[in-house]
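Written out below as structure tokens is the structure these notes cover.
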Amino acid sequence: MTIFSDIGRYLLMIKGMFSRPENGKMYWKEFMHQCSDIGIGSLGIVVIISIFMGAVSTVQTAYQLISPLIPKSTIAQIVRDTVILEFAPTLVCIVLAGVVGSKIASELGNMRVSEQIDALEIMGINTKTYLILPKVIAALVVIPVLVVIAAVLGIWGGRLAGSMANILANSTYDKGLLEGFMPFNVIFAMAKAYTFAFIISTIPAYFGFYVKGGALEIGRASTRAVVISCILILFADYVLAALLL
Amino acid sequence: MIELRNIRKSFDGKTVIEDVSATMKTGQCNLIIGTSGSGKTVLMKCMVGLFEPDSGEIIYHGQDFIKMSRAEKTEIRKEIGMLFQGSALFDSLTVEENVMFPLSMFTKDSHAKKLERVNEVLDRVNLKDTNKKFPAELSGGMKKRVGIARAIVLNPKYLFCDEPNSGLDPQTAMVIDKLIQEITKEFNITTVVNTHDMNSVMETGDYILYMYQGKKEWEGSKKEIIFSKNERLNSFIFASEFLQDTKEMRMMEERGKIPNDRNIDDLLK
């Protein structure tokens with residue numbers, strides 16, 4: 001019963017986000033603030049995990065490809081496709097669900113508990129539109145960009161690890177990157193990025209916006225938001241793969 | 001003026017407000033008092049539209065607030081200022097930005113003009129040199145004053161204060177009470193204060209609505225409360241011996257038996 005009422009309230013929240021802004025300038029300011037928070041705030045962790053993700057992929061792929069019949073450039077192909085298809089969108093978004101999701105849930109939860117949301121309501125501001133919509137749009141703009149950065153850095157990290165560990169030369173890696181490249185993979189990765197961005201922003205917003213109680217409940221809501229976002233990302237990952245590939 | 005007609009509100013089948021009617025006049029401090037859990041906060045939240053009553057009418061400008069469209073409600077809400085129990089200041093904004101927020105959202109004034117208005121209201125609540133401070137850097141009393149400044153910055157017609165004295169020392173509480181009273185008279189607004197602070201009741205209560213278990217138990221003014229024979233009200237208000245003595249002194253004072261310049265020691269004897 002709770003799950004159905006949660007789904008219903010979540011859908012109503014999404015519907016409630018779309019209303020005419022009271023003041024476009026203030027909404028724009030909030031949107032830019034969210035872009036900076038989500039984008040710049042997560043850039044560091046995205047850079048670190050992307051480079052290591054690519055590097056580990058190269059080393060582990062090389063470890064498994066022991067046949068002398070398979071050219072070394074295949075390692076680059078496998079790293080490229082793994083990073084673009086799965087690691088960059090899914091792994092990065094799961095990390096972002098933790099970083100961004102917990103931030104959104106706790107920020108809104110704290111606003112709810114300390115009556116800041118009530119204060120906005122009384123001023124005549126549509127709180128769903130003012131507090132949630134800029135976060136969702138910012139996530140839809142910034143997260144795909146982070147995924148592209150992650151993909152580029154992941155592939156570069158793989159190249160770096162390949163040369164540093166003497167697995168394959170840079171020229172061989174570059175050659176492999178260009179072999180059998182399918183542009184659709186990038187479209188698929190972007191489709192994932194947009195879907196996950198929507199999940200990462202709306203699920204924590206829901207849990208934060210409707211939190212009841214005190215500091216303990218904010219923590220619980222934040223944890224639930226991250227866990228459910230991660231599960232939904234993995235579920236959506238499977239559905240998208242089954243539908244689009 | 002705000003008129004409440006037969007307000008009823010329940011949560012999960014449990015009635016919290018039952019058939020409450022009251023008239024809150026302009027230019028006076030209207031107090032809602034009662035023990036914790038008596039329904040005063042719920043009643044106030046119904047009045048500002050944070051909760052929707054199950055039945056009844058809340059009349060602003062002769063129109064029922066409950067039946068208004070979203071746009072009409074928004075217009076009324078622009079005339080409402082509210083001071084929350086915990087001040088509800090936006091943590092990420094400075095004092096200046098907090099007070100400027102309603103102006104930025106609802107007016108097209110230049111930044112200079114908005115700043116002028118912000119300084120004017122901050123000055124009115126006796127806050128100086130705090131413009132660039134964040135709420136976390138302020139004391140409880142200062143936060144309340146910023147909350148009042150934010151509530152009055154758009155020149156509201158209605159001011160709602162939810163337990164404005166909670167968590168404050170008696171001296172600061174008195175300053176806040178006085179400020180609310182002054183603002184009410186100065187701007188001729190309808191002020192509704194939710195409190196269980198007896199000092200506030202005795203100092204500011206032009207109209208007092210006493211709630212008991214979700215029902216209106218008593219209504220009257222601060223003068224009438226002294227002579228009230230309502231047992232529940234008396235046991236609530238004059239819970240301490242000191243306050244009972246105060247009541248007796250006040251009663252004598254009202255009847256003109258003792259001069260007004262009596263010594264406080266008389267009370268303590």
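Convention: chains lettered A, B, ... in structure tokens order; per-chain residue numbering from 1; ligands numbered from 1 as shown.
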*DSSP strand (DSSP E or B) residues within region 11-233 of chain B, listed as an NGL selection string*: :B and (11 or 14-24 or 29-33 or 55-60 or 63-64 or 80-83 or 158-162 or 190-195 or 207-212 or 215-220)
Near chain B, meaning an atom within 6 Å, which residues of chain A appear when counting only C-alpha atoms? Write them as a CSV table (one decimal) with C-alpha atoms, in the first residue's frame.
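What landed in out-v3.csv:
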chain,number,residue,atom,x,y,z
A,23,ASN,CA,10.0,35.4,-11.3
A,114,SER,CA,13.1,23.8,9.6
A,115,GLU,CA,9.9,25.1,8.0
A,116,GLN,CA,11.8,26.9,5.2
A,122,ILE,CA,3.2,31.2,2.6
A,123,MET,CA,5.0,33.7,0.4
A,124,GLY,CA,2.9,32.3,-2.4
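Note that CA of Phe196 (chain A) and CA of Cys93 (chain A) are 6.5 Å apart.
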Counting only C-alpha atoms, the residue of B:Arg150, B:Gly39, B:Leu159, B:Ile225 that sits nearest Ser10 (chain B):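 Comparing B:Arg150, B:Gly39, B:Leu159, B:Ile225 against Ser10 (chain B), the winner is B:Gly39.
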Write out as a PDB file with N, CA and C atoms, in the first residue's frame which residues come within 12 Å of Gln213 (chain B) when counting only C-alpha atoms, dropping same-chain ones fewer than 3 positions away.
ATOM      1  N   LYS B  14      -8.536  11.346  13.397  1.00  0.00           N
ATOM      2  CA  LYS B  14      -8.487  11.956  14.735  1.00  0.00           C
ATOM      3  C   LYS B  14      -8.745  13.460  14.597  1.00  0.00           C
ATOM      4  N   THR B  15      -9.782  13.919  15.263  1.00  0.00           N
ATOM      5  CA  THR B  15     -10.130  15.338  15.151  1.00  0.00           C
ATOM      6  C   THR B  15      -9.168  16.186  15.987  1.00  0.00           C
ATOM      7  N   VAL B  16      -8.569  17.152  15.327  1.00  0.00           N
ATOM      8  CA  VAL B  16      -7.591  18.019  15.999  1.00  0.00           C
ATOM      9  C   VAL B  16      -8.193  19.399  16.260  1.00  0.00           C
ATOM     10  N   ILE B  17      -9.022  19.871  15.325  1.00  0.00           N
ATOM     11  CA  ILE B  17      -9.719  21.143  15.498  1.00  0.00           C
ATOM     12  C   ILE B  17     -11.212  20.863  15.328  1.00  0.00           C
ATOM     13  N   GLU B  18     -12.005  21.331  16.262  1.00  0.00           N
ATOM     14  CA  GLU B  18     -13.435  21.031  16.182  1.00  0.00           C
ATOM     15  C   GLU B  18     -14.272  22.305  16.313  1.00  0.00           C
ATOM     16  N   ASP B  19     -14.883  22.665  15.243  1.00  0.00           N
ATOM     17  CA  ASP B  19     -15.880  23.723  15.242  1.00  0.00           C
ATOM     18  C   ASP B  19     -15.388  25.030  15.890  1.00  0.00           C
ATOM     19  N   VAL B  20     -14.261  25.520  15.400  1.00  0.00           N
ATOM     20  CA  VAL B  20     -13.709  26.758  15.971  1.00  0.00           C
ATOM     21  C   VAL B  20     -14.140  27.956  15.123  1.00  0.00           C
ATOM     22  N   ILE B  33      -4.012  30.832  22.339  1.00  0.00           N
ATOM     23  CA  ILE B  33      -3.253  30.203  23.419  1.00  0.00           C
ATOM     24  C   ILE B  33      -3.828  28.824  23.734  1.00  0.00           C
ATOM     25  N   GLY B  34      -3.038  28.056  24.435  1.00  0.00           N
ATOM     26  CA  GLY B  34      -3.474  26.707  24.796  1.00  0.00           C
ATOM     27  C   GLY B  34      -2.277  25.826  25.100  1.00  0.00           C
ATOM     28  N   THR B  35      -2.531  24.696  25.726  1.00  0.00           N
ATOM     29  CA  THR B  35      -1.426  23.786  26.058  1.00  0.00           C
ATOM     30  C   THR B  35      -0.891  23.138  24.782  1.00  0.00           C
ATOM     31  N   SER B  36       0.254  22.484  24.889  1.00  0.00           N
ATOM     32  CA  SER B  36       0.806  21.769  23.734  1.00  0.00           C
ATOM     33  C   SER B  36      -0.194  20.701  23.303  1.00  0.00           C
ATOM     34  N   GLY B  37      -0.433  20.609  22.013  1.00  0.00           N
ATOM     35  CA  GLY B  37      -1.367  19.611  21.495  1.00  0.00           C
ATOM     36  C   GLY B  37      -2.820  20.056  21.525  1.00  0.00           C
ATOM     37  N   SER B  38      -3.045  21.329  21.835  1.00  0.00           N
ATOM     38  CA  SER B  38      -4.437  21.811  21.879  1.00  0.00           C
ATOM     39  C   SER B  38      -4.952  22.202  20.496  1.00  0.00           C
ATOM     40  N   GLY B  39      -4.068  22.211  19.510  1.00  0.00           N
ATOM     41  CA  GLY B  39      -4.493  22.481  18.128  1.00  0.00           C
ATOM     42  C   GLY B  39      -4.241  23.891  17.645  1.00  0.00           C
ATOM     43  N   LYS B  40      -3.498  24.678  18.419  1.00  0.00           N
ATOM     44  CA  LYS B  40      -3.310  26.072  18.004  1.00  0.00           C
ATOM     45  C   LYS B  40      -2.420  26.207  16.760  1.00  0.00           C
ATOM     46  N   VAL B  42      -2.066  23.918  14.417  1.00  0.00           N
ATOM     47  CA  VAL B  42      -2.847  23.401  13.279  1.00  0.00           C
ATOM     48  C   VAL B  42      -3.838  24.476  12.814  1.00  0.00           C
ATOM     49  N   LEU B  43      -4.454  25.162  13.785  1.00  0.00           N
ATOM     50  CA  LEU B  43      -5.408  26.216  13.432  1.00  0.00           C
ATOM     51  C   LEU B  43      -4.709  27.329  12.640  1.00  0.00           C
ATOM     52  N   TYR B 210      -8.616  30.980  23.600  1.00  0.00           N
ATOM     53  CA  TYR B 210      -8.031  29.860  24.342  1.00  0.00           C
ATOM     54  C   TYR B 210      -8.559  28.546  23.778  1.00  0.00           C
ATOM     55  N   LYS B 216     -12.667  25.680  20.926  1.00  0.00           N
ATOM     56  CA  LYS B 216     -12.557  27.015  21.516  1.00  0.00           C
ATOM     57  C   LYS B 216     -13.155  26.943  22.914  1.00  0.00           C
ATOM     58  N   GLU B 217     -12.318  27.208  23.914  1.00  0.00           N
ATOM     59  CA  GLU B 217     -12.784  27.098  25.296  1.00  0.00           C
ATOM     60  C   GLU B 217     -13.210  28.466  25.828  1.00  0.00           C
ATOM     61  N   ARG B 232     -10.603  25.803  33.383  1.00  0.00           N
ATOM     62  CA  ARG B 232      -9.536  25.280  32.522  1.00  0.00           C
ATOM     63  C   ARG B 232      -8.571  26.396  32.133  1.00  0.00           C
TER      64      ARG B 232
END
Min atom-atom distance to Pro71 (chain A) from the set A:Ile48, A:Ala139, A:Leu168, A:Met17, counting only C-alpha atoms, belongs to A:Leu168
The distance between CA of Met174 (chain B) and CA of Thr204 (chain B) is 10.0 Å
Between A:Ile94, A:Leu43, A:Val79, A:Ala62, which residue has the minimum interatomic distance to Leu234 (chain A), considering only C-alpha atoms?
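That would be A:Ile94, the residue with the smallest distance to Leu234 (chain A).
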Item checked: For Leu177 (chain A): contacts at 12 Å, only C-alpha atoms, fewer than 4 positions along chain excluded, given as a list in words ->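 In the requested format, the answer is Lys72, Ser73, Thr74, Ile75, Ala76, Gln77, Ile78, Val79, Arg80, Asp81, Thr82, Val83, Ile84, Val152, Ile155, Trp156, Gly158, Arg159, Asn170, Ser171, Thr172, Tyr173, Phe181 and Met182 of chain A.
If you measure from each of A:Lys29, A:Arg224, A:Lys103, A:Lys175 to Phe207 (chain A) using only C-alpha atoms, the closest one turns out to be A:Arg224.
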task = Would you work out the distance separating CA of Ala136 (chain B) from CA of Ile104 (chain A), expressed in Å to one decimal?
result =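 That distance, rounded to one decimal, is 20.2 Å.
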Item to complete: Please provide the set of residues having any atom within 7 Å of Gly141 (chain B), restricted to only C-alpha atoms, with same-chain residues fewer than 2 positions apart removed, written as an NGL selection string.
Response: :B and (139 or 143-145 or 168 or 172)
Please return as a ChimeraX atom specification: the residues of region 4-242 of chain A that backbone DSSP assigns to alpha helix (DSSP H). /A:4-17,24-35,41-64,73-82,92-96,102-113,116-122,127,133-164,170-178,183-209,215-242
Worksheet entry | Selection: 12 Å around Ser36 (chain A), only C-alpha atoms, excl. self and same-chain fewer than 2 positions, as a ChimeraX atom specification | /A:29-34,38-43,100,134-135,138-139,141-143
Residue nearest Val99 (chain A) among A:Leu146, A:Ala193, A:Val227, A:Ile45 (counting only C-alpha atoms):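 Looking only at the distances to Val99 (chain A), the closest residue turns out to be A:Ile45.
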